[in-house]
2 protein chains.
Amino acid sequence: MAAAAPPPPPSAVPEPSMGPPETAPIGHPLFTRIRLATPLDVPYIHKLIHQMAVFERLTHLFSATESSLSSTLFNSAPFQSFTIFILELSSSPIPPLPSPSPAFTPIEKTFNFDLPINDPEKDAFSVHYGQDQVVIGGFVLFFPNYSTFLAKPGFYVEDLFVRECYRRKGFGKMLLSAVAKQAVKMGYGRVEWVVLDWNVNAVKFYEQMGAKVLPEWRICRLTGDALQSYETANI
Amino acid sequence: MAAAAPPPPPSAVPEPSMGPPETAPIGHPLFTRIRLATPLDVPYIHKLIHQMAVFERLTHLFSATESSLSSTLFNSAPFQSFTIFILELSSSPIPPLPSPSPAFTPIEKTFNFDLPINDPEKDAFSVHYGQDQVVIGGFVLFFPNYSTFLAKPGFYVEDLFVRECYRRKGFGKMLLSAVAKQAVKMGYGRVEWVVLDWNVNAVKFYEQMGAKVLPEWRICRLTGDALQSYETANI
């Protein structure tokens, strides 16, 4: 019946709805879950990091391999050192994890979109749980830092990345919020990360999340040959 | 004999020395050692951090106590998490550590100064090794960070502090170099820290040590009530 009614004029205020008719479209649900990464995720993490390097036009600095990631990640308990949250997405309810970590209860949220999301890389980022399949949409990598003034640890977020087709839908906020929530849960004092000063949209997004941008501090980096020279330096 | 000779004119090139005469002043030697901090150092560390807060005019942000430091530091093996190097100084040779850590061989260096250094806080920063006494002159606190592009850990230097009477003598460089050397030893890819953009002397010092200042990145910080709000946030 609603579909047959004439459309209202553009400026008209719609009549109060009596509830959607049975034939109304119900949208496109997207079930999401944030969980701890495991060593099995390394191939996906490697691809996500490479996509991030492409996005940042920094592929000349990209030298990570699956092997180098495997040997440097997952060497300590979750949250004690380098930690990765993975964002999983599915159009169907996501089944429980087969081996949940006692350190972190996954965060689940269901979105409803007007249009389906076309993921051209769905196959490359698919994870199977028995007969169920989810896709990995992004990740956040973080680790403890420390404030001597507070005498408290915090978390430093090194990377936050959502694949292109899933951007601007709230998933980045969901990942960063999960880190903030974990920090509060652990009694930590801060969550910090960096942003490029010309990336005004990112700055605005972070400020809306409650962060302050510190204008005066600059990062100093000692790397490459300059760092290597300290191997034999007479201190 | 040399002392009795007339002084050369200001622009004269001195004659090649035949070696110092036996009566020449030998200066004031200062023996230094960089070692890993232990829980026994917490009272000194607490005082050093407070001095740093005073120096930075940030005492309103200082809330560390000896107890809060004790409970958040020294909870993991050296270099795996928050790690502190302590700078010890003495006018006499420093005795070996009673319980050296297998994780780090202390770095020793002897300086020779024209004038003795007057340390008005010597008693407050004295450490006894049997009958020998050294003073603590400064510290550096650092912890692992991670580069996904390199797929390697690095070190982030949170604090570098030398007490006022010992500044501008090379001790800050010695502490930071010790961190860089340890990073190379562990196969790490970077050492990073931050500097205030208006502190041109510090920027120059760090650049002379081989560091690059990254002009475009800004730190984002989520802390206080803004962070606490994520405790109950519906992510």
# chains A, B, ... in the order shown; residues from 1 in each chain; ligands from 1
$ select_by_dssp --residues "stretch 1-148 of chain A" --states "alpha helix (DSSP H)" --output "list in words"
Val42, Pro43, Tyr44, Ile45, His46, Lys47, Leu48, Ile49, His50, Gln51, Met52, Ala53, Val54, Phe55, Glu66, Ser67, Ser68, Leu69, Ser70, Ser71 and Thr72 of chain A
$ write_last_selection --atoms "N, CA and C atoms" --output "JSON list (two decimals), in the first residue's frame"
[["chain", "number", "residue", "atom", "x", "y", "z"],
["A", 42, "VAL", "N", 47.97, -13.82, 10.62],
["A", 42, "VAL", "CA", 49.13, -13.11, 10.07],
["A", 42, "VAL", "C", 49.02, -12.84, 8.56],
["A", 43, "PRO", "N", 48.56, -13.83, 7.75],
["A", 43, "PRO", "CA", 48.45, -13.52, 6.31],
["A", 43, "PRO", "C", 47.52, -12.33, 6.04],
["A", 44, "TYR", "N", 46.43, -12.24, 6.80],
["A", 44, "TYR", "CA", 45.51, -11.12, 6.61],
["A", 44, "TYR", "C", 46.13, -9.81, 7.11],
["A", 45, "ILE", "N", 46.77, -9.90, 8.26],
["A", 45, "ILE", "CA", 47.41, -8.70, 8.83],
["A", 45, "ILE", "C", 48.46, -8.17, 7.86],
["A", 46, "HIS", "N", 49.23, -9.07, 7.28],
["A", 46, "HIS", "CA", 50.25, -8.65, 6.31],
["A", 46, "HIS", "C", 49.62, -7.91, 5.14],
["A", 47, "LYS", "N", 48.52, -8.44, 4.64],
["A", 47, "LYS", "CA", 47.85, -7.78, 3.51],
["A", 47, "LYS", "C", 47.27, -6.42, 3.92],
["A", 48, "LEU", "N", 46.72, -6.36, 5.12],
["A", 48, "LEU", "CA", 46.15, -5.09, 5.60],
["A", 48, "LEU", "C", 47.25, -4.03, 5.76],
["A", 49, "ILE", "N", 48.38, -4.43, 6.30],
["A", 49, "ILE", "CA", 49.48, -3.46, 6.48],
["A", 49, "ILE", "C", 49.97, -2.98, 5.11],
["A", 50, "HIS", "N", 50.03, -3.91, 4.16],
["A", 50, "HIS", "CA", 50.46, -3.49, 2.82],
["A", 50, "HIS", "C", 49.47, -2.50, 2.21],
["A", 51, "GLN", "N", 48.18, -2.75, 2.41],
["A", 51, "GLN", "CA", 47.18, -1.81, 1.89],
["A", 51, "GLN", "C", 47.33, -0.44, 2.55],
["A", 52, "MET", "N", 47.68, -0.47, 3.83],
["A", 52, "MET", "CA", 47.88, 0.80, 4.55],
["A", 52, "MET", "C", 49.07, 1.55, 3.95],
["A", 53, "ALA", "N", 50.14, 0.81, 3.62],
["A", 53, "ALA", "CA", 51.32, 1.44, 3.02],
["A", 53, "ALA", "C", 50.97, 2.04, 1.66],
["A", 54, "VAL", "N", 50.14, 1.34, 0.90],
["A", 54, "VAL", "CA", 49.71, 1.87, -0.40],
["A", 54, "VAL", "C", 48.90, 3.14, -0.18],
["A", 55, "PHE", "N", 47.97, 3.08, 0.75],
["A", 55, "PHE", "CA", 47.11, 4.25, 1.04],
["A", 55, "PHE", "C", 47.94, 5.45, 1.45],
["A", 66, "GLU", "N", 55.26, -11.98, 6.10],
["A", 66, "GLU", "CA", 54.48, -12.80, 7.04],
["A", 66, "GLU", "C", 55.40, -13.40, 8.09],
["A", 67, "SER", "N", 56.57, -13.79, 7.65],
["A", 67, "SER", "CA", 57.53, -14.40, 8.57],
["A", 67, "SER", "C", 58.01, -13.41, 9.63],
["A", 68, "SER", "N", 58.34, -12.19, 9.20],
["A", 68, "SER", "CA", 58.83, -11.22, 10.18],
["A", 68, "SER", "C", 57.72, -10.78, 11.14],
["A", 69, "LEU", "N", 56.50, -10.73, 10.64],
["A", 69, "LEU", "CA", 55.38, -10.43, 11.55],
["A", 69, "LEU", "C", 55.18, -11.56, 12.55],
["A", 70, "SER", "N", 55.23, -12.79, 12.05],
["A", 70, "SER", "CA", 55.01, -13.95, 12.94],
["A", 70, "SER", "C", 56.04, -14.00, 14.06],
["A", 71, "SER", "N", 57.27, -13.64, 13.72],
["A", 71, "SER", "CA", 58.33, -13.79, 14.73],
["A", 71, "SER", "C", 58.36, -12.63, 15.73],
["A", 72, "THR", "N", 57.67, -11.53, 15.42],
["A", 72, "THR", "CA", 57.75, -10.37, 16.32],
["A", 72, "THR", "C", 56.42, -10.09, 17.03]]
$ residues_around --residues "stretch 90-97 of chain A" --least-positions-apart "4" --cutoff "8 Å" --atoms "only C-alpha atoms" --output "CSV table (one decimal) with C-alpha atoms, in the first residue's frame"
chain,number,residue,atom,x,y,z
A,28,HIS,CA,21.1,-4.8,4.9
A,29,PRO,CA,22.2,-6.0,8.3
A,30,LEU,CA,25.9,-6.3,8.9
A,31,PHE,CA,27.1,-8.3,11.9
A,32,THR,CA,30.4,-7.2,13.3
A,33,ARG,CA,32.8,-8.5,15.9
A,129,TYR,CA,34.3,-20.9,11.1
A,132,ASP,CA,30.2,-19.9,8.4
A,133,GLN,CA,32.3,-17.3,6.7
A,134,VAL,CA,33.2,-13.8,7.8
A,135,VAL,CA,35.5,-11.2,6.2
$ closest_residue --among "A:Asn112, A:Thr223, A:Gln228, A:Thr105" --to "A:Lys185" --atoms "only C-alpha atoms"
A:Thr105
$ interface_residues --of "chain A" --to "chain B" --cutoff "7 Å" --atoms "only C-alpha atoms" --output "NGL selection string"
:A and (49 or 61-64 or 68-69 or 72 or 148-152 or 174 or 177-178 or 180-181 or 184-185 or 189-197 or 210-223 or 226-228 or 230-231 or 235)
$ write_last_selection --atoms "N, CA and C atoms" --output "tab-separated table (two decimals), in the first residue's frame"
chain	number	residue	atom	x	y	z
A	49	ILE	N	48.38	-4.43	6.30
A	49	ILE	CA	49.48	-3.46	6.48
A	49	ILE	C	49.97	-2.98	5.11
A	61	LEU	N	58.72	2.19	2.27
A	61	LEU	CA	59.13	1.91	3.65
A	61	LEU	C	58.61	0.56	4.15
A	62	PHE	N	57.86	-0.11	3.29
A	62	PHE	CA	57.21	-1.35	3.70
A	62	PHE	C	58.14	-2.53	3.48
A	63	SER	N	58.53	-3.19	4.53
A	63	SER	CA	59.41	-4.35	4.37
A	63	SER	C	58.94	-5.54	5.20
A	64	ALA	N	57.74	-5.46	5.74
A	64	ALA	CA	57.21	-6.56	6.56
A	64	ALA	C	56.92	-7.78	5.69
A	68	SER	N	58.34	-12.19	9.20
A	68	SER	CA	58.83	-11.22	10.18
A	68	SER	C	57.72	-10.78	11.14
A	69	LEU	N	56.50	-10.73	10.64
A	69	LEU	CA	55.38	-10.43	11.55
A	69	LEU	C	55.18	-11.56	12.55
A	72	THR	N	57.67	-11.53	15.42
A	72	THR	CA	57.75	-10.37	16.32
A	72	THR	C	56.42	-10.09	17.03
A	148	THR	N	55.25	8.66	33.30
A	148	THR	CA	55.88	8.75	34.62
A	148	THR	C	55.14	9.73	35.53
A	149	PHE	N	54.53	10.75	34.95
A	149	PHE	CA	53.79	11.70	35.79
A	149	PHE	C	52.59	11.02	36.45
A	150	LEU	N	51.89	10.19	35.67
A	150	LEU	CA	50.74	9.47	36.21
A	150	LEU	C	51.18	8.21	36.95
A	151	ALA	N	52.42	7.74	36.68
A	151	ALA	CA	52.88	6.44	37.16
A	151	ALA	C	51.89	5.35	36.76
A	152	LYS	N	51.43	5.46	35.51
A	152	LYS	CA	50.46	4.51	35.00
A	152	LYS	C	50.81	4.16	33.56
A	174	MET	N	34.74	2.26	16.06
A	174	MET	CA	34.47	1.05	16.85
A	174	MET	C	35.79	0.42	17.32
A	177	SER	N	37.48	2.80	19.86
A	177	SER	CA	36.72	2.77	21.11
A	177	SER	C	37.01	1.49	21.90
A	178	ALA	N	37.21	0.41	21.18
A	178	ALA	CA	37.51	-0.85	21.86
A	178	ALA	C	38.84	-0.76	22.61
A	180	ALA	N	40.12	2.09	23.76
A	180	ALA	CA	39.88	3.00	24.89
A	180	ALA	C	39.17	2.27	26.03
A	181	LYS	N	38.19	1.48	25.68
A	181	LYS	CA	37.43	0.73	26.70
A	181	LYS	C	38.34	-0.24	27.44
A	184	VAL	N	40.52	1.68	29.93
A	184	VAL	CA	39.79	2.01	31.17
A	184	VAL	C	39.65	0.76	32.04
A	185	LYS	N	39.33	-0.34	31.40
A	185	LYS	CA	39.15	-1.60	32.14
A	185	LYS	C	40.42	-1.97	32.91
A	189	GLY	N	45.94	5.13	32.08
A	189	GLY	CA	45.71	6.57	32.17
A	189	GLY	C	45.49	7.29	30.86
A	190	ARG	N	45.94	6.70	29.77
A	190	ARG	CA	45.90	7.42	28.49
A	190	ARG	C	45.79	6.45	27.32
A	191	VAL	N	45.23	6.95	26.24
A	191	VAL	CA	45.40	6.30	24.93
A	191	VAL	C	45.96	7.38	24.01
A	192	GLU	N	47.04	7.06	23.33
A	192	GLU	CA	47.68	8.04	22.46
A	192	GLU	C	47.95	7.45	21.08
A	193	TRP	N	48.02	8.32	20.10
A	193	TRP	CA	48.38	7.92	18.73
A	193	TRP	C	48.83	9.20	18.03
A	194	VAL	N	49.19	9.09	16.77
A	194	VAL	CA	49.60	10.29	16.04
A	194	VAL	C	48.74	10.47	14.79
A	195	VAL	N	48.70	11.71	14.33
A	195	VAL	CA	47.92	12.05	13.14
A	195	VAL	C	48.74	13.06	12.33
A	196	LEU	N	48.59	13.01	11.02
A	196	LEU	CA	49.26	14.00	10.17
A	196	LEU	C	48.52	15.33	10.30
A	197	ASP	N	49.30	16.41	10.49
A	197	ASP	CA	48.67	17.70	10.81
A	197	ASP	C	47.76	18.22	9.70
A	210	GLY	N	36.97	12.64	21.61
A	210	GLY	CA	37.40	13.10	22.94
A	210	GLY	C	38.89	13.33	23.08
A	211	ALA	N	39.64	13.11	22.00
A	211	ALA	CA	41.09	13.28	22.07
A	211	ALA	C	41.48	14.75	21.92
A	212	LYS	N	42.63	15.07	22.50
A	212	LYS	CA	43.22	16.39	22.30
A	212	LYS	C	44.44	16.21	21.40
A	213	VAL	N	44.62	17.13	20.47
A	213	VAL	CA	45.82	17.12	19.64
A	213	VAL	C	46.85	18.03	20.33
A	214	LEU	N	48.03	17.50	20.59
A	214	LEU	CA	49.06	18.28	21.26
A	214	LEU	C	49.86	19.03	20.19
A	215	PRO	N	49.76	20.37	20.18
A	215	PRO	CA	50.34	21.10	19.04
A	215	PRO	C	51.85	21.22	19.06
A	216	GLU	N	52.48	21.15	20.24
A	216	GLU	CA	53.89	21.53	20.32
A	216	GLU	C	54.90	20.38	20.21
A	217	TRP	N	54.42	19.17	20.40
A	217	TRP	CA	55.38	18.06	20.42
A	217	TRP	C	55.68	17.55	19.02
A	218	ARG	N	56.95	17.22	18.79
A	218	ARG	CA	57.37	16.64	17.52
A	218	ARG	C	58.06	15.30	17.79
A	219	ILE	N	57.86	14.37	16.88
A	219	ILE	CA	58.49	13.06	17.02
A	219	ILE	C	59.93	13.13	16.51
A	220	CYS	N	60.84	12.58	17.28
A	220	CYS	CA	62.23	12.39	16.84
A	220	CYS	C	62.41	10.91	16.56
A	221	ARG	N	63.06	10.62	15.45
A	221	ARG	CA	63.24	9.21	15.07
A	221	ARG	C	64.69	8.95	14.69
A	222	LEU	N	65.26	7.97	15.34
A	222	LEU	CA	66.62	7.51	15.05
A	222	LEU	C	66.47	6.13	14.43
A	223	THR	N	66.85	6.01	13.15
A	223	THR	CA	66.64	4.74	12.46
A	223	THR	C	67.71	4.54	11.39
A	226	ALA	N	71.87	5.67	10.82
A	226	ALA	CA	72.14	6.52	11.99
A	226	ALA	C	71.98	5.73	13.28
A	227	LEU	N	70.98	4.84	13.31
A	227	LEU	CA	70.82	3.98	14.49
A	227	LEU	C	71.91	2.92	14.54
A	228	GLN	N	72.16	2.30	13.39
A	228	GLN	CA	73.16	1.22	13.36
A	228	GLN	C	74.53	1.69	13.86
A	230	TYR	N	75.29	3.22	16.29
A	230	TYR	CA	75.44	3.10	17.75
A	230	TYR	C	75.90	1.69	18.17
A	231	GLU	N	75.89	0.77	17.22
A	231	GLU	CA	76.34	-0.59	17.56
A	231	GLU	C	77.76	-0.56	18.11
A	235	ILE	N	80.31	4.98	23.78
A	235	ILE	CA	79.36	5.85	24.50
A	235	ILE	C	80.08	6.75	25.49
$ atom_distance --atom1 "atom CA of A:Ser101" --atom2 "atom CA of A:Met186"
16.2 Å
$ residues_around --residues "A:Asp119" --least-positions-apart "5" --cutoff "12 Å" --atoms "only C-alpha atoms" --output "JSON, numbers by chain"
{"A": [89, 90, 91, 124, 125, 126, 134, 135, 136, 137, 163, 164, 165, 166, 167]}
